[in-house]
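Asker: Before I ask anything, let me first share the structure, which is written out below as structure tokens.
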Amino acid sequence: MPYDHRNTARRTLALALAATGCCAVLAGCGASGASPPAGKSGESPRSQETRETPRESPTTPLPATPQPGRPLAGRTVVIDPGHNPGNFRHSAEINQKVNIGTNRKECDTTGTSTNAGYTEASFTLDVSHRLRDLLAARGATVVLTHDADRPWGPCIDERARIGNEARADAVVSVHADGSAVGHRGFHVILPAQVREGSADTTKIVGPSRELGERIADRFARATGTAPSNYLGSGTGLDVRDDLGGLNLSTVPKVFVECGNMRDPKDAQLLTSAAWRQKAAQGIADGIATYLKG
């Protein structure tokens, strides 16, 4: 989860992590330190891909065309599982600051967790794996920014770069928030108009909003949960200019904050495998609707 800059009451949570779960787009999570706290703003790299190979003539490649049951053939989606399960062991590395265009910010954070110790990093990776499988089944080429296959990171600027270099049709960063008890629901973070230093979101603000609106609609339908009651004025949409993963993106990108891990009722949903499958389905449906697949 990216840090919720509107919430100054942040708690630090000391976690005992014996193991992390597997399988994450759109934000509010983690502080950095030796053990995973509540808070957020980072983003995680070996790319994992499932490719749909277009037909080729001896000389000129033909464009991929939609196939029955595979409407996203020829489309590339990058999934960014928020945080890395190993971040809490590498506080020095993730605390190093990187350029996000408007200023400099920590490379990554640990993410938040439920009161019982279920970490955001475990949640995002689990949802990302489910999301990857759903999109691949529709024919999309899917790239993960990381698969818990590195000790820490990637840094937020590298996460953005992975989506840019893939020339993704859509990028979704999967998170869960770490806000106050009583704050419930999901929200989708959209890039603000930023044009400063190495950041220029001019071309992606419109497409990213459309992507976010589609995901918010389908996420609500699939999960049966309501938009955030503490951000977005009931729309489930929040615009921010302080997240490097959005500022540095040159392709349509959003963060999905699936719920608030610090609220007991939301935490009950987030720790349910059946609900996580619904969350992945909602995000996949939103992406497909945006891509018209």
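Residue numbering restarts at 1 for every chain of the structure tokens, chains are lettered A, B, ... in their displayed order, and ligands are numbered from 1 as they appear.
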Which residues are close to Gln96 in chain A, i.e. within 6 Å by only C-alpha atoms, leaving aside same-chain residues fewer than 3 positions away? Reply as an MDAnalysis selection string.

Answerer: chainID A and resid 93 106:107

Asker: If we count only C-alpha atoms, what is near Ile156 in chain A at a cut-off of 10 Å, once residues fewer than 2 positions away on the same chain are taken out, given as an mmCIF file with C-alpha atoms, in the first residue's frame?

Answerer:
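What landed in around04.cif:
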```cif
data_model
loop_
_atom_site.group_PDB
_atom_site.id
_atom_site.type_symbol
_atom_site.label_atom_id
_atom_site.label_comp_id
_atom_site.auth_asym_id
_atom_site.auth_seq_id
_atom_site.Cartn_x
_atom_site.Cartn_y
_atom_site.Cartn_z
ATOM 1 C CA SER A 41 4.369 3.809 -0.978
ATOM 2 C CA GLY A 42 6.606 1.274 -2.557
ATOM 3 C CA GLU A 43 6.256 -0.874 -5.488
ATOM 4 C CA SER A 44 8.456 -4.952 -6.719
ATOM 5 C CA GLY A 82 2.919 -4.371 -4.123
ATOM 6 C CA HIS A 83 6.056 -4.819 -1.976
ATOM 7 C CA ILE A 94 14.679 -0.116 0.537
ATOM 8 C CA LYS A 97 15.843 7.241 -2.098
ATOM 9 C CA VAL A 98 15.139 7.274 -5.826
ATOM 10 C CA ASN A 99 13.967 10.037 -8.144
ATOM 11 C CA ILE A 100 10.203 10.040 -8.778
ATOM 12 C CA LYS A 105 11.325 8.934 -2.244
ATOM 13 C CA GLU A 106 12.253 5.644 -0.575
ATOM 14 C CA CYS A 107 12.983 2.783 -2.972
ATOM 15 C CA ASP A 108 10.205 0.657 -1.497
ATOM 16 C CA THR A 109 8.523 -0.178 1.811
ATOM 17 C CA GLY A 153 12.415 -4.621 -4.274
ATOM 18 C CA PRO A 154 12.281 -3.706 -7.062
ATOM 19 C CA GLU A 158 12.195 0.181 -11.648
ATOM 20 C CA ARG A 159 8.609 -1.013 -11.302
ATOM 21 C CA ALA A 160 7.504 1.853 -13.532
ATOM 22 C CA ARG A 161 10.305 1.133 -15.976
ATOM 23 C CA LEU A 243 3.608 7.928 -6.131
ATOM 24 C CA GLY A 244 6.669 7.198 -8.242
ATOM 25 C CA GLY A 245 5.045 4.187 -9.860
ATOM 26 C CA LEU A 246 2.448 6.487 -11.405
ATOM 27 C CA LEU A 248 7.188 7.724 -13.959
#
```

Asker: Assign secondary structure with DSSP using the backbone only, and return the residues of range 68-163 of chain A in helix (DSSP H, G or I) as a count of residues only.

Answerer: 33

Asker: Pick out each residue of range 57-224 of chain A that DSSP on the backbone tags as strand (DSSP E); I need them as number ranges by chain.

Answerer: A: 76-81, 97-99, 104-106, 141-144, 170-177, 187-191, 195-196, 199-200

Asker: What separation in Å, quoted to one decimal, exists between CA of Pro252 in chain A and CA of Val127 in chain A?

Answerer: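 Distance reported for this atom pair: 20.1 Å.
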
Asker: Fewer than 2 positions away in the same chain doesn't count, so skip those; otherwise give me all residues within 10 Å of Val251 in chain A, counting only C-alpha atoms, as a ChimeraX atom specification.

Answerer: /A:160-161,163-171,201,203-205,207-208,246,248-249,253-254

Asker: Next, write the just-selected residues to a file, as a PDB file, in the first residue's frame, keeping N, CA, C and O atoms as the atom set.

Answerer:
```pdb
ATOM      1  N   ALA A 160       8.061   1.060 -12.434  1.00  0.00           N
ATOM      2  CA  ALA A 160       7.504   1.853 -13.532  1.00  0.00           C
ATOM      3  C   ALA A 160       8.216   1.527 -14.838  1.00  0.00           C
ATOM      4  O   ALA A 160       7.575   1.393 -15.896  1.00  0.00           O
ATOM      5  N   ARG A 161       9.521   1.388 -14.770  1.00  0.00           N
ATOM      6  CA  ARG A 161      10.305   1.133 -15.976  1.00  0.00           C
ATOM      7  C   ARG A 161       9.938  -0.212 -16.614  1.00  0.00           C
ATOM      8  O   ARG A 161       9.922  -0.351 -17.846  1.00  0.00           O
ATOM      9  N   GLY A 163       7.014  -1.673 -16.720  1.00  0.00           N
ATOM     10  CA  GLY A 163       5.795  -1.470 -17.502  1.00  0.00           C
ATOM     11  C   GLY A 163       6.053  -0.688 -18.767  1.00  0.00           C
ATOM     12  O   GLY A 163       5.517  -1.012 -19.837  1.00  0.00           O
ATOM     13  N   ASN A 164       6.902   0.348 -18.662  1.00  0.00           N
ATOM     14  CA  ASN A 164       7.218   1.174 -19.829  1.00  0.00           C
ATOM     15  C   ASN A 164       7.930   0.365 -20.899  1.00  0.00           C
ATOM     16  O   ASN A 164       7.601   0.445 -22.090  1.00  0.00           O
ATOM     17  N   GLU A 165       8.938  -0.410 -20.487  1.00  0.00           N
ATOM     18  CA  GLU A 165       9.729  -1.175 -21.447  1.00  0.00           C
ATOM     19  C   GLU A 165       8.923  -2.297 -22.085  1.00  0.00           C
ATOM     20  O   GLU A 165       9.203  -2.704 -23.208  1.00  0.00           O
ATOM     21  N   ALA A 166       7.910  -2.800 -21.368  1.00  0.00           N
ATOM     22  CA  ALA A 166       7.030  -3.827 -21.935  1.00  0.00           C
ATOM     23  C   ALA A 166       6.019  -3.227 -22.912  1.00  0.00           C
ATOM     24  O   ALA A 166       5.319  -3.959 -23.605  1.00  0.00           O
ATOM     25  N   ARG A 167       5.966  -1.882 -22.956  1.00  0.00           N
ATOM     26  CA  ARG A 167       4.962  -1.177 -23.758  1.00  0.00           C
ATOM     27  C   ARG A 167       3.572  -1.722 -23.461  1.00  0.00           C
ATOM     28  O   ARG A 167       2.771  -2.030 -24.358  1.00  0.00           O
ATOM     29  N   ALA A 168       3.310  -1.833 -22.176  1.00  0.00           N
ATOM     30  CA  ALA A 168       2.075  -2.468 -21.717  1.00  0.00           C
ATOM     31  C   ALA A 168       0.844  -1.688 -22.157  1.00  0.00           C
ATOM     32  O   ALA A 168       0.847  -0.454 -22.206  1.00  0.00           O
ATOM     33  N   ASP A 169      -0.206  -2.425 -22.465  1.00  0.00           N
ATOM     34  CA  ASP A 169      -1.492  -1.801 -22.749  1.00  0.00           C
ATOM     35  C   ASP A 169      -2.162  -1.341 -21.461  1.00  0.00           C
ATOM     36  O   ASP A 169      -3.001  -0.444 -21.482  1.00  0.00           O
ATOM     37  N   ALA A 170      -1.784  -1.984 -20.357  1.00  0.00           N
ATOM     38  CA  ALA A 170      -2.303  -1.599 -19.044  1.00  0.00           C
ATOM     39  C   ALA A 170      -1.366  -2.142 -17.976  1.00  0.00           C
ATOM     40  O   ALA A 170      -0.810  -3.232 -18.129  1.00  0.00           O
ATOM     41  N   VAL A 171      -1.197  -1.367 -16.904  1.00  0.00           N
ATOM     42  CA  VAL A 171      -0.413  -1.812 -15.754  1.00  0.00           C
ATOM     43  C   VAL A 171      -1.273  -1.632 -14.507  1.00  0.00           C
ATOM     44  O   VAL A 171      -1.885  -0.579 -14.306  1.00  0.00           O
ATOM     45  N   THR A 201       3.050  12.782 -16.960  1.00  0.00           N
ATOM     46  CA  THR A 201       1.893  11.887 -17.078  1.00  0.00           C
ATOM     47  C   THR A 201       0.842  12.409 -18.056  1.00  0.00           C
ATOM     48  O   THR A 201      -0.264  11.855 -18.125  1.00  0.00           O
ATOM     49  N   LYS A 203       0.122  12.151 -21.165  1.00  0.00           N
ATOM     50  CA  LYS A 203      -0.517  11.250 -22.113  1.00  0.00           C
ATOM     51  C   LYS A 203      -1.274  10.093 -21.456  1.00  0.00           C
ATOM     52  O   LYS A 203      -2.073   9.433 -22.124  1.00  0.00           O
ATOM     53  N   ILE A 204      -1.022   9.853 -20.182  1.00  0.00           N
ATOM     54  CA  ILE A 204      -1.643   8.669 -19.560  1.00  0.00           C
ATOM     55  C   ILE A 204      -2.750   9.007 -18.579  1.00  0.00           C
ATOM     56  O   ILE A 204      -3.445   8.099 -18.103  1.00  0.00           O
ATOM     57  N   VAL A 205      -2.948  10.284 -18.259  1.00  0.00           N
ATOM     58  CA  VAL A 205      -3.970  10.652 -17.272  1.00  0.00           C
ATOM     59  C   VAL A 205      -5.356  10.179 -17.727  1.00  0.00           C
ATOM     60  O   VAL A 205      -6.086   9.540 -16.954  1.00  0.00           O
ATOM     61  N   PRO A 207      -6.344   7.869 -20.245  1.00  0.00           N
ATOM     62  CA  PRO A 207      -6.480   6.414 -20.329  1.00  0.00           C
ATOM     63  C   PRO A 207      -6.436   5.731 -18.967  1.00  0.00           C
ATOM     64  O   PRO A 207      -7.144   4.745 -18.735  1.00  0.00           O
ATOM     65  N   SER A 208      -5.603   6.235 -18.057  1.00  0.00           N
ATOM     66  CA  SER A 208      -5.511   5.629 -16.726  1.00  0.00           C
ATOM     67  C   SER A 208      -6.818   5.799 -15.959  1.00  0.00           C
ATOM     68  O   SER A 208      -7.258   4.900 -15.237  1.00  0.00           O
ATOM     69  N   LEU A 246       3.355   5.798 -10.485  1.00  0.00           N
ATOM     70  CA  LEU A 246       2.448   6.487 -11.405  1.00  0.00           C
ATOM     71  C   LEU A 246       3.151   7.636 -12.113  1.00  0.00           C
ATOM     72  O   LEU A 246       3.033   7.803 -13.322  1.00  0.00           O
ATOM     73  N   LEU A 248       6.181   8.100 -12.974  1.00  0.00           N
ATOM     74  CA  LEU A 248       7.188   7.724 -13.959  1.00  0.00           C
ATOM     75  C   LEU A 248       6.654   6.816 -15.057  1.00  0.00           C
ATOM     76  O   LEU A 248       7.393   6.430 -15.961  1.00  0.00           O
ATOM     77  N   SER A 249       5.381   6.486 -14.991  1.00  0.00           N
ATOM     78  CA  SER A 249       4.801   5.597 -16.005  1.00  0.00           C
ATOM     79  C   SER A 249       4.523   6.367 -17.289  1.00  0.00           C
ATOM     80  O   SER A 249       4.073   7.510 -17.272  1.00  0.00           O
ATOM     81  N   LYS A 253      -1.720   3.288 -16.173  1.00  0.00           N
ATOM     82  CA  LYS A 253      -1.414   2.549 -14.948  1.00  0.00           C
ATOM     83  C   LYS A 253      -2.269   3.045 -13.796  1.00  0.00           C
ATOM     84  O   LYS A 253      -2.535   4.241 -13.669  1.00  0.00           O
ATOM     85  N   VAL A 254      -2.670   2.102 -12.933  1.00  0.00           N
ATOM     86  CA  VAL A 254      -3.401   2.443 -11.713  1.00  0.00           C
ATOM     87  C   VAL A 254      -2.912   1.546 -10.578  1.00  0.00           C
ATOM     88  O   VAL A 254      -2.308   0.499 -10.811  1.00  0.00           O
TER      89      VAL A 254
END
```

Asker: Would you list the contacts of range 274-284 of chain A as a list of chain:residue names, taking every protein, DNA or RNA residue within 7 Å and counting only C-alpha atoms, but skipping same-chain residues closer than 3 positions in sequence?

Answerer: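 Selected residues are A:Val127, A:Arg130, A:Leu131, A:Leu134, A:Leu135, A:Ile215, A:Arg218, A:Phe219, A:Ala222, A:Thr223, A:Leu269, A:Leu270, A:Ile287, A:Ala288.
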
Asker: Output N, CA, C and O atoms for every residue in the selection just made, as a PDB file, in the first residue's frame.

Answerer:
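This is the output file again27.pdb:
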```
ATOM      1  N   VAL A 127      -2.946 -12.465  -4.965  1.00  0.00           N
ATOM      2  CA  VAL A 127      -3.928 -11.914  -5.907  1.00  0.00           C
ATOM      3  C   VAL A 127      -3.308 -11.748  -7.294  1.00  0.00           C
ATOM      4  O   VAL A 127      -3.966 -11.995  -8.316  1.00  0.00           O
ATOM      5  N   ARG A 130      -3.312 -15.047  -9.153  1.00  0.00           N
ATOM      6  CA  ARG A 130      -4.672 -15.355  -9.622  1.00  0.00           C
ATOM      7  C   ARG A 130      -5.047 -14.483 -10.823  1.00  0.00           C
ATOM      8  O   ARG A 130      -5.629 -14.968 -11.802  1.00  0.00           O
ATOM      9  N   LEU A 131      -4.689 -13.208 -10.736  1.00  0.00           N
ATOM     10  CA  LEU A 131      -4.961 -12.270 -11.824  1.00  0.00           C
ATOM     11  C   LEU A 131      -4.203 -12.667 -13.089  1.00  0.00           C
ATOM     12  O   LEU A 131      -4.753 -12.639 -14.197  1.00  0.00           O
ATOM     13  N   LEU A 134      -5.942 -15.576 -14.811  1.00  0.00           N
ATOM     14  CA  LEU A 134      -7.197 -15.190 -15.459  1.00  0.00           C
ATOM     15  C   LEU A 134      -6.944 -14.447 -16.768  1.00  0.00           C
ATOM     16  O   LEU A 134      -7.625 -14.676 -17.772  1.00  0.00           O
ATOM     17  N   LEU A 135      -5.959 -13.550 -16.764  1.00  0.00           N
ATOM     18  CA  LEU A 135      -5.653 -12.784 -17.980  1.00  0.00           C
ATOM     19  C   LEU A 135      -5.002 -13.668 -19.045  1.00  0.00           C
ATOM     20  O   LEU A 135      -5.302 -13.543 -20.233  1.00  0.00           O
ATOM     21  N   ILE A 215     -12.069  -0.810 -13.649  1.00  0.00           N
ATOM     22  CA  ILE A 215     -11.701  -1.742 -12.587  1.00  0.00           C
ATOM     23  C   ILE A 215     -12.569  -1.524 -11.353  1.00  0.00           C
ATOM     24  O   ILE A 215     -13.047  -2.491 -10.736  1.00  0.00           O
ATOM     25  N   ARG A 218     -16.041  -3.132 -11.990  1.00  0.00           N
ATOM     26  CA  ARG A 218     -16.051  -4.597 -12.008  1.00  0.00           C
ATOM     27  C   ARG A 218     -15.598  -5.201 -10.681  1.00  0.00           C
ATOM     28  O   ARG A 218     -16.038  -6.289 -10.312  1.00  0.00           O
ATOM     29  N   PHE A 219     -14.718  -4.498  -9.967  1.00  0.00           N
ATOM     30  CA  PHE A 219     -14.278  -4.989  -8.664  1.00  0.00           C
ATOM     31  C   PHE A 219     -15.462  -5.013  -7.693  1.00  0.00           C
ATOM     32  O   PHE A 219     -15.657  -5.978  -6.951  1.00  0.00           O
ATOM     33  N   ALA A 222     -17.766  -7.960  -8.647  1.00  0.00           N
ATOM     34  CA  ALA A 222     -17.233  -9.295  -8.380  1.00  0.00           C
ATOM     35  C   ALA A 222     -17.125  -9.608  -6.898  1.00  0.00           C
ATOM     36  O   ALA A 222     -17.368 -10.741  -6.467  1.00  0.00           O
ATOM     37  N   THR A 223     -16.741  -8.618  -6.102  1.00  0.00           N
ATOM     38  CA  THR A 223     -16.491  -8.865  -4.677  1.00  0.00           C
ATOM     39  C   THR A 223     -17.689  -8.550  -3.789  1.00  0.00           C
ATOM     40  O   THR A 223     -17.758  -9.023  -2.657  1.00  0.00           O
ATOM     41  N   LEU A 269     -12.095 -10.408   5.008  1.00  0.00           N
ATOM     42  CA  LEU A 269     -12.233 -10.644   3.576  1.00  0.00           C
ATOM     43  C   LEU A 269     -10.876 -10.899   2.921  1.00  0.00           C
ATOM     44  O   LEU A 269     -10.713 -11.856   2.156  1.00  0.00           O
ATOM     45  N   LEU A 270      -9.917 -10.041   3.225  1.00  0.00           N
ATOM     46  CA  LEU A 270      -8.607 -10.116   2.578  1.00  0.00           C
ATOM     47  C   LEU A 270      -7.879 -11.422   2.874  1.00  0.00           C
ATOM     48  O   LEU A 270      -7.058 -11.876   2.072  1.00  0.00           O
ATOM     49  N   ILE A 287      -9.905  -4.844 -16.436  1.00  0.00           N
ATOM     50  CA  ILE A 287      -8.856  -4.688 -17.455  1.00  0.00           C
ATOM     51  C   ILE A 287      -9.392  -5.099 -18.824  1.00  0.00           C
ATOM     52  O   ILE A 287      -9.180  -4.411 -19.822  1.00  0.00           O
ATOM     53  N   ALA A 288     -10.075  -6.241 -18.878  1.00  0.00           N
ATOM     54  CA  ALA A 288     -10.605  -6.733 -20.148  1.00  0.00           C
ATOM     55  C   ALA A 288     -11.619  -5.754 -20.742  1.00  0.00           C
ATOM     56  O   ALA A 288     -11.630  -5.516 -21.952  1.00  0.00           O
TER      57      ALA A 288
END
```

Asker: CA of Thr141 in chain A and CA of Glu120 in chain A, how far apart in Å?

Answerer: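 The value is 25.3 Å.
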
Asker: Which one of A:Trp152, A:Val143, A:Ile189, A:Gly117 sits closest to Gly86 in chain A if you count only C-alpha atoms?

Answerer: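 Looking only at the distances to Gly86 in chain A, the closest residue turns out to be A:Trp152.
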